[in-house]
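Novice: Below is structure_13.txt; it holds compact mmCIF, C-alpha atoms.
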# COMPACT_ATOMS: atom_id res chain seq x y z
CA MET A 1 -37.60 -86.75 165.57
CA SER A 2 -38.45 -87.91 162.04
CA ARG A 3 -36.48 -84.97 160.60
CA VAL A 4 -33.39 -86.05 162.52
CA LEU A 5 -33.75 -89.60 161.29
CA ALA A 6 -34.26 -88.43 157.71
CA LEU A 7 -31.21 -86.17 158.00
CA LEU A 8 -29.09 -89.03 159.39
CA ALA A 9 -30.29 -91.37 156.65
CA GLY A 10 -29.44 -88.79 153.98
CA LEU A 11 -26.00 -88.22 155.51
CA LEU A 12 -25.30 -91.96 155.58
CA LEU A 13 -26.41 -92.25 151.95
CA VAL A 14 -24.08 -89.44 150.88
CA LEU A 15 -21.19 -91.01 152.78
CA ALA A 16 -21.89 -94.43 151.28
CA VAL A 17 -22.03 -93.06 147.74
CA GLY A 18 -18.81 -91.08 148.31
CA ALA A 19 -17.03 -94.12 149.71
CA ALA A 20 -18.18 -96.28 146.79
CA ALA A 21 -17.01 -93.69 144.28
CA SER A 22 -13.59 -93.41 145.90
CA ALA A 23 -13.25 -97.20 146.16
CA ALA A 24 -14.28 -97.71 142.53
CA ALA A 25 -11.37 -95.75 141.07
CA PRO A 26 -8.28 -96.14 143.27
CA ARG A 27 -5.28 -94.15 142.13
CA ALA A 28 -2.57 -96.29 140.58
CA SER A 29 0.85 -96.33 142.23
CA LEU A 30 4.24 -97.62 141.15
CA PRO A 31 4.60 -100.18 143.99
CA ASP A 32 1.12 -101.50 143.26
CA ILE A 33 1.94 -102.10 139.58
CA GLU A 34 5.62 -102.98 139.97
CA ASP A 35 5.02 -106.35 141.61
CA GLU A 36 2.66 -107.47 138.82
CA VAL A 37 5.00 -106.61 135.95
CA MET A 38 8.21 -108.29 134.82
CA CYS A 39 11.46 -106.75 133.64
CA THR A 40 11.65 -107.45 129.92
CA GLN A 41 15.42 -107.90 130.00
CA CYS A 42 16.03 -110.25 132.91
CA GLY A 43 12.55 -111.77 133.42
CA THR A 44 12.36 -110.97 137.15
CA PRO A 45 9.57 -108.99 138.82
CA LEU A 46 10.06 -105.30 138.20
CA ASN A 47 10.04 -104.48 141.92
CA ILE A 48 13.30 -106.43 142.47
CA SER A 49 15.01 -105.90 139.12
CA GLU A 50 17.95 -103.51 139.04
CA SER A 51 18.67 -103.45 135.30
CA ILE A 52 18.71 -100.34 133.12
CA VAL A 53 15.70 -101.65 131.20
CA ALA A 54 13.80 -101.99 134.48
CA GLU A 55 14.47 -98.34 135.26
CA LYS A 56 13.13 -97.39 131.82
CA GLU A 57 9.98 -99.45 132.49
CA ARG A 58 9.53 -97.74 135.87
CA ASP A 59 9.90 -94.32 134.25
CA HIS A 60 7.31 -95.30 131.64
CA ILE A 61 4.92 -96.43 134.41
CA ARG A 62 5.50 -93.16 136.33
CA ARG A 63 4.59 -91.17 133.20
CA LEU A 64 1.38 -93.16 132.75
CA ILE A 65 0.49 -92.65 136.43
CA ALA A 66 1.09 -88.91 136.01
CA GLU A 67 -1.32 -88.96 133.06
CA GLY A 68 -3.97 -90.29 135.46
CA LYS A 69 -4.34 -93.77 133.97
CA THR A 70 -5.72 -96.60 136.07
CA LYS A 71 -3.82 -99.76 136.93
CA ASP A 72 -5.59 -101.78 134.24
CA GLU A 73 -4.96 -99.13 131.61
CA ILE A 74 -1.27 -99.01 132.53
CA LYS A 75 -0.95 -102.79 132.34
CA ALA A 76 -2.72 -102.80 128.96
CA ASP A 77 -0.32 -100.11 127.73
CA LEU A 78 2.68 -102.17 128.93
CA VAL A 79 1.36 -105.27 127.15
CA GLU A 80 0.89 -103.22 123.99
CA GLU A 81 4.44 -101.88 124.18
CA TYR A 82 6.39 -104.89 125.51
CA GLY A 83 4.12 -107.86 124.77
CA PRO A 84 2.20 -110.25 127.06
CA ARG A 85 5.38 -111.55 128.72
CA VAL A 86 5.61 -108.29 130.67
CA LEU A 87 2.77 -109.43 132.96
CA ALA A 88 3.76 -111.43 136.03
CA VAL A 89 0.26 -112.80 136.51
CA PRO A 90 -0.75 -115.42 133.92
CA THR A 91 -3.54 -114.77 131.47
CA ASP A 92 -6.46 -117.17 131.07
CA GLY A 93 -5.90 -120.11 128.74
CA ASP A 94 -2.16 -119.63 128.64
CA PHE A 95 0.55 -122.11 129.62
CA ASP A 96 1.40 -119.83 132.54
CA PHE A 97 -2.07 -120.43 133.95
CA ALA A 98 -1.33 -124.15 134.05
CA ALA A 99 1.95 -123.39 135.79
CA TRP A 100 -0.06 -121.79 138.60
CA LEU A 101 -2.84 -124.37 138.61
CA VAL A 102 -0.73 -127.55 138.79
CA PRO A 103 0.94 -126.77 142.16
CA VAL A 104 -2.42 -125.87 143.68
CA LEU A 105 -3.94 -129.14 142.50
CA LEU A 106 -0.93 -131.12 143.75
CA GLY A 107 -1.29 -129.45 147.13
CA LEU A 108 -4.98 -130.40 147.27
CA PHE A 109 -4.18 -134.00 146.33
CA ALA A 110 -1.53 -134.11 149.06
CA VAL A 111 -4.01 -132.87 151.67
CA VAL A 112 -6.59 -135.46 150.58
CA GLY A 113 -3.93 -138.20 150.60
CA VAL A 114 -2.82 -137.34 154.13
CA GLY A 115 -6.45 -137.30 155.25
CA LEU A 116 -7.11 -140.73 153.76
CA ALA A 117 -3.92 -142.15 155.26
CA ALA A 118 -4.90 -140.78 158.69
CA ARG A 119 -8.36 -142.40 158.43
CA ARG A 120 -6.81 -145.73 157.45
CA TRP A 121 -4.33 -145.50 160.32
CA ARG A 122 -7.14 -144.79 162.80
CA ARG A 123 -9.16 -147.75 161.52
CA GLN A 124 -6.19 -150.08 161.96
CA ARG A 125 -5.88 -149.03 165.62
CA GLU A 126 -9.59 -149.50 166.38
CA PRO A 127 -9.47 -153.37 166.47
CA VAL A 128 -6.78 -153.21 169.17
CA ALA A 129 -9.08 -151.10 171.35
CA ALA A 130 -12.01 -153.43 170.61
CA VAL A 131 -9.99 -156.49 171.68
CA ALA A 132 -8.95 -154.73 174.88
CA ALA A 133 -12.58 -153.78 175.63
CA GLY A 134 -13.78 -157.35 175.05
CA ALA A 135 -10.99 -159.01 177.06
CA PRO A 136 -12.07 -161.57 179.66
CA PRO A 137 -12.12 -160.38 183.28
CA LEU A 138 -9.09 -160.98 185.48
CA ASP A 139 -8.89 -163.89 187.85
CA PRO A 140 -9.69 -162.62 191.39
CA GLU A 141 -6.20 -163.60 192.57
CA ASP A 142 -4.55 -161.72 189.66
CA ALA A 143 -6.78 -158.69 190.30
CA ARG A 144 -5.77 -158.66 194.01
CA ARG A 145 -2.08 -158.91 193.14
CA LEU A 146 -2.38 -156.16 190.50
CA ASP A 147 -4.08 -153.83 193.00
CA ALA A 148 -1.36 -154.52 195.56
CA GLU A 149 1.41 -153.75 193.09
CA LEU A 150 -0.30 -150.56 191.91
CA ALA A 151 -0.79 -149.48 195.53
CA ALA A 152 2.96 -149.94 196.10
CA PHE A 153 3.67 -147.43 193.32
CA ASP A 154 1.30 -144.84 194.84
CA ARG A 155 3.32 -144.54 198.06
Rewrite the structure of this file - the entire thing - as structure tokens.
Specialist:
Amino acid sequence: MSRVLALLAGLLLVLAVGAAASAAAPRASLPDIEDEVMCTQCGTPLNISESIVAEKERDHIRRLIAEGKTKDEIKADLVEEYGPRVLAVPTDGDFDFAAWLVPVLLGLFAVVGVGLAARRWRRQREPVAAVAAGAPPLDPEDARRLDAELAAFDR
């Protein structure tokens, strides 16, 4: 029994190490890189650009993939050849980073503002409910007439 457990544990360890090794170095592909790179001529993402320069960039990326380079190595090579504007994703400390950060912050402020407005609106409605709860009881004659009129609607 202990041999079977040891064998299963060893098999699981081998599978885990193999899965980690294959996950650590995924093979780069053109579609995976294309959406993170810009066409240097028209400034649109490479995956939607149809210019001649975009085709040259794609061919360059295909050659680098054929050489076995990783995604990061290919992007570094593109930056070296075309400059930092070739990347669609902003780099840290750049103006482009602020262009991504500002809309996110504005969205968060909008959510907080709507939440505060909803709380204020709920608080304004609470006194109305408190007044209704603390209203004086009906006169017995008014209560009898109200019950009669409500009973007429139930028929």
Novice: Which residue is closest to A:Val86? Choose from A:Leu138, A:Ala54, A:Ala151, A:Arg123 and count all atoms listed in the file.
Specialist: A:Ala54
Novice: Mind pulling up the distance from atom CA of A:Phe97 to atom CA of A:Leu64?
Specialist: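 Taking atom CA of A:Leu64 as the start and atom CA of A:Phe97 as the end point, the length is 27.5 Å.
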Novice: How many Å lie between atom CA of A:Ala88 and atom CA of A:Gly68, rounded to one decimal?
Specialist: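 Distance between the two atoms: 22.5 Å.
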Novice: Tell me, as number ranges by chain, which residues lie within 12 Å of stretch 29-35 of chain A, counting all atoms listed in the file; anything in the same chain fewer than 6 positions away does not count.
Specialist: A: 44-49, 54-55, 57-76, 78, 86-89
Novice: Report as AutoDock Vina command-line options the centre and the edge lengths, in Å to one decimal, of the axis-aligned box holding every listed atom of stretch 61-65 of chain A, padded by 6 Å on each side.
Specialist:
--center_x 3.0 --center_y -93.8 --center_z 134.6 --size_x 17.0 --size_y 17.3 --size_z 15.7
Novice: For a test of reading the model, state the distance in Å between atom CA of A:Glu36 and atom CA of A:Pro103, rounded to one decimal.
Specialist: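 Taking atom CA of A:Glu36 and atom CA of A:Pro103, their separation equals 19.7 Å.
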Novice: Check the smallest atom-to-atom distance from each of A:Ala135, A:Asp154, A:Cys39, A:Glu149 to A:Arg85 using only C-alpha atoms, then report the winner.
Specialist: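 The answer is A:Cys39, which sits nearest to A:Arg85.
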